[in-house]
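Participant: To start, I am sharing the structure in question, which I have written as structure tokens.
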Amino acid sequence: LLSWCAQHEAASAASVLGGFETGTYALSTQPIPADTTLRIGTETFCVATEGVGVSPVHARRPCAEPTPITAPFTWHNDHYTAAITTEGLAVDGRPGQARIEVRADAGDTYSSEPGELIGELSPTGTPLLSTSDLDAQVSYRAKLETDSIRISADVVVRFDHTPLINIDIVLDSDGTGFRADVLFDSGIESDSVSVSMPFDVVERAHRDDDLLPHDIPDDLKAILMGQRETGSVDEFPVHDFLALSDQNRAWAVLGSGNRSCSSTPDGTMSLGLRRATEWLALTGLSGRSGDAGPAMYVPGARCEREVIHRLALVVLPGPDTIGRLVPLSEAFHNPALIADVDGEGTEIEWRAFTESLPMTSLAMEDGTPTARFYNPHNEPHPLTQPRPRTSLRGSDLGSATELEPKEIVTLAVPFDPPPAPMGATVTVLNPTEVRVGPSRSVPESEVLDALVRRISDLEQKLAENSSERASATGSAAYRLEHLEYVLDRERLELQLSLELNRRLQASTDEVSIPDHADPEIADLGWELNELRVKRRIFDYVVQSLAD
């Protein structure tokens, strides 16, 4: 899929830039103007874009070869002061930033159950420094090993003139039963945290205690039979960033693809990097009640692979967080494509359109470009110019000059096309990258043998239940029928898990997907889905029976 994306990415860049003059250009697909730097390979590029369109790259500087740091390295700009020592990253005098903490986790793929602290990854060796006229980059390695797990991280911290400190973490691990989170200590005391979600930025308490307990009254048991979190929750979803602020300053953590976050009243923010487990759904978790999903063995959930995490710490003065943070976040998550053009065109710039709000889609409707924007702010936000407003199907809804708080709209954004291609050679320098390496996780034979034994036990229980059902009547018959569905569903879940893992054990290519469905897997899956429906129906049937 990524190879396909890269091919179309290159073709799209060539169609836009094919009529440009020889040079280096930034192709922006996000509408908010941005001023940033990008390090690509051994060069750093200074990029200023004016919305969707093409801008020339203002500066392109070579980066020095990495050299060992023999003393603490410091960086200062208009937004922060940072230092890197053998202990890691410090920002504005606060040490221990971007530290990676590892805790035991007894959960499954659905729910985390963090336990005791196992430790933190400790920097090893000597940090390396590489500088250019535009930025500085420090890289170091950190690791943690115990008798049962191994975790390593190659960390790259990059500083430039912006409020962002870019942090790349290449994380790898072996073992299971743990989670790894990256932590930032802002020192900002606050009762709530701002968290970006799709189409919104929400203000959220650090902990949600407004949950039902694990044990609930009988009248609720007849209704709330599905999965639910119990007690309290302090881990929440996140889309682009989380931020804390007071009257003097604001800190935000940006994460590309990191979808879980937590925070504390004393100013610590964290993003989840990895959870290593082996089961799709477990029973008996202390923080969850109800049927969460199938009991299937999934060794791939150990996440024994390299994953590149793209993060950034943003440091801003003053309390107005969201208004300044959203443009920085959009530039971070949607960086411009940088491309070299070798051609005979005469154009050096193409401006399609500019807006001051995030855009989530851009498409053609009846020959007119239309874009979907949203307003994450808590107050109305003006557009850069009046724009025709349309429905999802392109119907005219009049003109829009501003967006209401949290409003999502579709607007017509007509613009002139880029110059016609003239056969230029276009080379994209920062194509879409593959950030997830191949999995090393394989099924363990001992676990598969245990699955065989559990399946055999369930078959025996099903036979015994069938004998009892033959003579049962009334409510007892319904309860035994329900038990049959419960037992048979678990048997099928384990059988499907067993067959999938046997194939994984014998496979030399776990990434490719066959053109035709495996008939045994397809039959098991269909039968399991039927049983899951019957089981859920009879959950309600037996709840309605009189004691």
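Ordering of the structure tokens sets the chain letters (A, B, ...); residue numbers start at 1 within each chain; ligands are numbered from 1 in the order shown.
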A:Ile521: which residues within 8 Å, counting only C-alpha atoms, same-chain residues fewer than 5 positions away excluded, as a PDB file with N, CA and C atoms, in the first residue's frame?

Facilitator:
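This went into result.pdb:
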```pdb
ATOM      1  N   LEU A 496     -10.166 -21.074  15.786  1.00  0.00           N
ATOM      2  CA  LEU A 496      -9.747 -20.120  14.761  1.00  0.00           C
ATOM      3  C   LEU A 496      -8.366 -19.569  15.081  1.00  0.00           C
ATOM      4  N   GLU A 499      -5.747 -22.270  14.240  1.00  0.00           N
ATOM      5  CA  GLU A 499      -5.495 -22.456  12.810  1.00  0.00           C
ATOM      6  C   GLU A 499      -4.727 -21.274  12.219  1.00  0.00           C
ATOM      7  N   LEU A 500      -5.078 -20.076  12.625  1.00  0.00           N
ATOM      8  CA  LEU A 500      -4.355 -18.905  12.123  1.00  0.00           C
ATOM      9  C   LEU A 500      -2.888 -18.942  12.536  1.00  0.00           C
TER      10      LEU A 500
END
```

Participant: Which residues are near A:Pro163? Cut-off 10 Å, only C-alpha atoms, ignore same chain within fewer than 5 positions. Put them as a PDB file with N, CA and C atoms, in the first residue's frame.

Facilitator:
```pdb
ATOM      1  N   THR A  36       8.858  26.708   8.524  1.00  0.00           N
ATOM      2  CA  THR A  36       9.488  25.627   9.267  1.00  0.00           C
ATOM      3  C   THR A  36      10.763  25.187   8.562  1.00  0.00           C
ATOM      4  N   ASN A  77      16.646  29.666  21.401  1.00  0.00           N
ATOM      5  CA  ASN A  77      16.000  30.500  20.392  1.00  0.00           C
ATOM      6  C   ASN A  77      14.989  31.418  21.082  1.00  0.00           C
ATOM      7  N   ASP A  78      14.100  32.028  20.334  1.00  0.00           N
ATOM      8  CA  ASP A  78      13.160  32.992  20.915  1.00  0.00           C
ATOM      9  C   ASP A  78      12.080  32.332  21.766  1.00  0.00           C
ATOM     10  N   HIS A  79      12.037  31.000  21.774  1.00  0.00           N
ATOM     11  CA  HIS A  79      10.922  30.306  22.423  1.00  0.00           C
ATOM     12  C   HIS A  79      11.343  29.477  23.632  1.00  0.00           C
ATOM     13  N   TYR A  80      12.551  28.967  23.635  1.00  0.00           N
ATOM     14  CA  TYR A  80      12.970  28.073  24.715  1.00  0.00           C
ATOM     15  C   TYR A  80      14.489  28.003  24.777  1.00  0.00           C
ATOM     16  N   TRP A 251       2.751  24.317  27.061  1.00  0.00           N
ATOM     17  CA  TRP A 251       3.516  23.217  26.488  1.00  0.00           C
ATOM     18  C   TRP A 251       2.536  22.281  25.792  1.00  0.00           C
ATOM     19  N   ALA A 312       6.912  15.826  18.709  1.00  0.00           N
ATOM     20  CA  ALA A 312       7.468  17.171  18.877  1.00  0.00           C
ATOM     21  C   ALA A 312       6.962  17.751  20.185  1.00  0.00           C
ATOM     22  N   LEU A 313       7.827  18.493  20.851  1.00  0.00           N
ATOM     23  CA  LEU A 313       7.449  19.281  22.019  1.00  0.00           C
ATOM     24  C   LEU A 313       7.370  20.738  21.582  1.00  0.00           C
ATOM     25  N   VAL A 314       6.248  21.390  21.895  1.00  0.00           N
ATOM     26  CA  VAL A 314       6.037  22.790  21.529  1.00  0.00           C
ATOM     27  C   VAL A 314       6.038  23.630  22.797  1.00  0.00           C
ATOM     28  N   VAL A 315       6.812  24.706  22.800  1.00  0.00           N
ATOM     29  CA  VAL A 315       6.899  25.617  23.943  1.00  0.00           C
ATOM     30  C   VAL A 315       6.464  27.003  23.483  1.00  0.00           C
ATOM     31  N   LEU A 316       5.405  27.521  24.115  1.00  0.00           N
ATOM     32  CA  LEU A 316       4.843  28.811  23.729  1.00  0.00           C
ATOM     33  C   LEU A 316       4.669  29.698  24.955  1.00  0.00           C
ATOM     34  N   PRO A 317       4.869  31.003  24.820  1.00  0.00           N
ATOM     35  CA  PRO A 317       4.586  31.916  25.936  1.00  0.00           C
ATOM     36  C   PRO A 317       3.103  32.259  25.983  1.00  0.00           C
ATOM     37  N   LEU A 325      -1.307  27.025  18.447  1.00  0.00           N
ATOM     38  CA  LEU A 325      -0.873  25.633  18.374  1.00  0.00           C
ATOM     39  C   LEU A 325      -1.398  24.923  17.135  1.00  0.00           C
ATOM     40  N   LEU A 328       0.810  25.261  14.050  1.00  0.00           N
ATOM     41  CA  LEU A 328       2.050  24.507  14.231  1.00  0.00           C
ATOM     42  C   LEU A 328       1.796  23.014  14.099  1.00  0.00           C
TER      43      LEU A 328
END
```

Participant: For A:Pro294, work out the shell of residues within 8 Å, counting only C-alpha atoms and skipping chain neighbours fewer than 5 positions away, then give it as an NGL selection string.

Facilitator: :A and (280-281 or 490 or 493)

Participant: Output C-alpha atoms for every residue in the selection just made, as a compact mmCIF listing (two decimals), in the first residue's frame.

Facilitator:
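Dumped everything to result19.txt:
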```txt
# COMPACT_ATOMS: atom_id res chain seq x y z
CA LEU A 280 -7.02 -10.16 21.80
CA ALA A 281 -9.38 -10.26 24.79
CA GLU A 490 -15.07 -20.01 23.07
CA GLU A 493 -12.49 -18.66 18.97
```

Participant: Looking at only C-alpha atoms, which of A:Asn258, A:Ser232, A:Gln460, A:Ser356 is the one that sits closest to A:Pro376?

Facilitator: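 Counting only C-alpha atoms, the residue closest to A:Pro376 is A:Ser356.
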
Participant: Among stretch 243-398 of chain A, which residues carry a DSSP assignment of alpha helix (DSSP H), reported as number ranges by chain?

Facilitator: A: 321-333

Participant: I need the chosen residues saved as a PDB file, in the first residue's frame, with N, CA and C atoms.

Facilitator:
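Dumped everything to result07.pdb:
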```
ATOM      1  N   THR A 321      -3.340  29.104  23.879  1.00  0.00           N
ATOM      2  CA  THR A 321      -2.692  27.911  23.357  1.00  0.00           C
ATOM      3  C   THR A 321      -3.198  27.521  21.981  1.00  0.00           C
ATOM      4  N   ILE A 322      -4.505  27.316  21.853  1.00  0.00           N
ATOM      5  CA  ILE A 322      -5.053  26.679  20.668  1.00  0.00           C
ATOM      6  C   ILE A 322      -4.846  27.533  19.421  1.00  0.00           C
ATOM      7  N   GLY A 323      -5.040  28.851  19.541  1.00  0.00           N
ATOM      8  CA  GLY A 323      -4.920  29.712  18.378  1.00  0.00           C
ATOM      9  C   GLY A 323      -3.562  29.625  17.710  1.00  0.00           C
ATOM     10  N   ARG A 324      -2.494  29.474  18.489  1.00  0.00           N
ATOM     11  CA  ARG A 324      -1.144  29.379  17.919  1.00  0.00           C
ATOM     12  C   ARG A 324      -0.703  27.944  17.715  1.00  0.00           C
ATOM     13  N   LEU A 325      -1.307  27.025  18.447  1.00  0.00           N
ATOM     14  CA  LEU A 325      -0.873  25.633  18.374  1.00  0.00           C
ATOM     15  C   LEU A 325      -1.398  24.923  17.135  1.00  0.00           C
ATOM     16  N   VAL A 326      -2.635  25.206  16.739  1.00  0.00           N
ATOM     17  CA  VAL A 326      -3.226  24.507  15.598  1.00  0.00           C
ATOM     18  C   VAL A 326      -2.393  24.688  14.325  1.00  0.00           C
ATOM     19  N   PRO A 327      -1.964  25.910  13.945  1.00  0.00           N
ATOM     20  CA  PRO A 327      -1.115  26.024  12.748  1.00  0.00           C
ATOM     21  C   PRO A 327       0.196  25.250  12.860  1.00  0.00           C
ATOM     22  N   LEU A 328       0.810  25.261  14.050  1.00  0.00           N
ATOM     23  CA  LEU A 328       2.050  24.507  14.231  1.00  0.00           C
ATOM     24  C   LEU A 328       1.796  23.014  14.099  1.00  0.00           C
ATOM     25  N   SER A 329       0.680  22.556  14.653  1.00  0.00           N
ATOM     26  CA  SER A 329       0.337  21.141  14.565  1.00  0.00           C
ATOM     27  C   SER A 329       0.073  20.722  13.124  1.00  0.00           C
ATOM     28  N   GLU A 330      -0.658  21.546  12.380  1.00  0.00           N
ATOM     29  CA  GLU A 330      -0.947  21.205  10.990  1.00  0.00           C
ATOM     30  C   GLU A 330       0.331  21.124  10.158  1.00  0.00           C
ATOM     31  N   ALA A 331       1.265  22.048  10.393  1.00  0.00           N
ATOM     32  CA  ALA A 331       2.529  22.020   9.653  1.00  0.00           C
ATOM     33  C   ALA A 331       3.349  20.791  10.017  1.00  0.00           C
ATOM     34  N   PHE A 332       3.273  20.370  11.284  1.00  0.00           N
ATOM     35  CA  PHE A 332       4.013  19.187  11.725  1.00  0.00           C
ATOM     36  C   PHE A 332       3.422  17.916  11.128  1.00  0.00           C
ATOM     37  N   HIS A 333       2.115  17.785  11.165  1.00  0.00           N
ATOM     38  CA  HIS A 333       1.474  16.552  10.712  1.00  0.00           C
ATOM     39  C   HIS A 333       1.350  16.470   9.196  1.00  0.00           C
TER      40      HIS A 333
END
```

Participant: Would you kindly return, as a list in words, each protein, DNA or RNA residue with an atom no farther than 9 Å from any atom of A:Val409, considering only C-alpha atoms and excluding same-chain residues fewer than 2 positions away?

Facilitator: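 Selected residues are Ala371, Arg372, Phe373, Tyr374, Asn375, Arg389, Thr390, Ser391, Leu392, Leu403, Glu407 and Leu411 of chain A.
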
Participant: Pick from A:Arg453, A:Ala90, A:Gly226, A:Leu242: nearest to A:Gly290, with only C-alpha atoms counted?

Facilitator: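 Closest to A:Gly290 of all the choices is A:Gly226.
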
Participant: How many Å separate atom CA of A:Leu282 from atom CA of A:Val486?

Facilitator: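 Straight-line distance from atom CA of A:Leu282 to atom CA of A:Val486 works out to 14.8 Å.
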
Participant: Please provide as a ChimeraX atom specification all residues within 12 Å of A:Ser466, with the sequence filter that same-chain residues fewer than 4 positions apart are discarded (counting only C-alpha atoms).

Facilitator: /A:459-462,470-472,477,479-485,487-488

Participant: Store the residues picked out above, limited to N, CA and C atoms, as a compact mmCIF listing (two decimals), in the first residue's frame.

Facilitator:
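Saved the output as result-v1.txt:
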```
# COMPACT_ATOMS: atom_id res chain seq x y z
N GLU A 459 -14.77 -29.23 24.37
CA GLU A 459 -15.56 -30.25 23.66
C GLU A 459 -16.18 -31.23 24.65
N GLN A 460 -15.44 -31.57 25.70
CA GLN A 460 -15.97 -32.45 26.73
C GLN A 460 -17.13 -31.78 27.47
N LYS A 461 -16.97 -30.50 27.81
CA LYS A 461 -18.05 -29.78 28.50
C LYS A 461 -19.28 -29.64 27.61
N LEU A 462 -19.06 -29.44 26.31
CA LEU A 462 -20.19 -29.34 25.39
C LEU A 462 -20.96 -30.65 25.32
N ALA A 470 -30.88 -32.65 26.87
CA ALA A 470 -31.82 -33.63 26.30
C ALA A 470 -33.04 -33.83 27.20
N SER A 471 -32.87 -33.69 28.50
CA SER A 471 -33.98 -33.93 29.42
C SER A 471 -34.45 -32.67 30.13
N ALA A 472 -33.86 -31.51 29.83
CA ALA A 472 -34.22 -30.27 30.52
C ALA A 472 -35.47 -29.66 29.91
N ALA A 477 -33.83 -25.36 30.39
CA ALA A 477 -33.45 -25.65 29.00
C ALA A 477 -32.85 -24.42 28.33
N ARG A 479 -31.32 -21.97 29.85
CA ARG A 479 -30.00 -21.70 30.44
C ARG A 479 -28.95 -22.64 29.87
N LEU A 480 -29.32 -23.89 29.67
CA LEU A 480 -28.36 -24.84 29.10
C LEU A 480 -28.07 -24.52 27.64
N GLU A 481 -29.09 -24.04 26.92
CA GLU A 481 -28.85 -23.64 25.53
C GLU A 481 -27.89 -22.44 25.49
N HIS A 482 -28.09 -21.50 26.42
CA HIS A 482 -27.18 -20.36 26.52
C HIS A 482 -25.76 -20.83 26.83
N LEU A 483 -25.63 -21.77 27.75
CA LEU A 483 -24.31 -22.29 28.09
C LEU A 483 -23.65 -22.95 26.89
N GLU A 484 -24.45 -23.63 26.07
CA GLU A 484 -23.89 -24.24 24.86
C GLU A 484 -23.29 -23.19 23.94
N TYR A 485 -23.99 -22.08 23.77
CA TYR A 485 -23.46 -21.02 22.91
C TYR A 485 -22.21 -20.40 23.51
N LEU A 487 -19.98 -21.90 25.53
CA LEU A 487 -18.87 -22.85 25.40
C LEU A 487 -18.44 -23.01 23.95
N ASP A 488 -19.43 -23.11 23.05
CA ASP A 488 -19.09 -23.35 21.66
C ASP A 488 -18.43 -22.13 21.03
```

Participant: I'd like the neighbourhood of A:Pro443 as a PDB file with C-alpha atoms, in the first residue's frame, where a residue qualifies if any of its atoms comes within 7 Å (using only C-alpha atoms), though same-chain residues fewer than 6 positions away should be ignored.

Facilitator:
```pdb
ATOM      1  CA  PRO A 299       1.544 -13.079  19.147  1.00  0.00           C
ATOM      2  CA  ASN A 501      -1.254 -19.342  14.268  1.00  0.00           C
ATOM      3  CA  GLN A 505       4.204 -20.677  12.099  1.00  0.00           C
TER       4      GLN A 505
END
```

Participant: Please provide the set of residues having any atom within 10 Å of stretch 188-196 of chain A, restricted to only C-alpha atoms, with same-chain residues fewer than 6 positions apart removed, written as a count of residues only.

Facilitator: 39
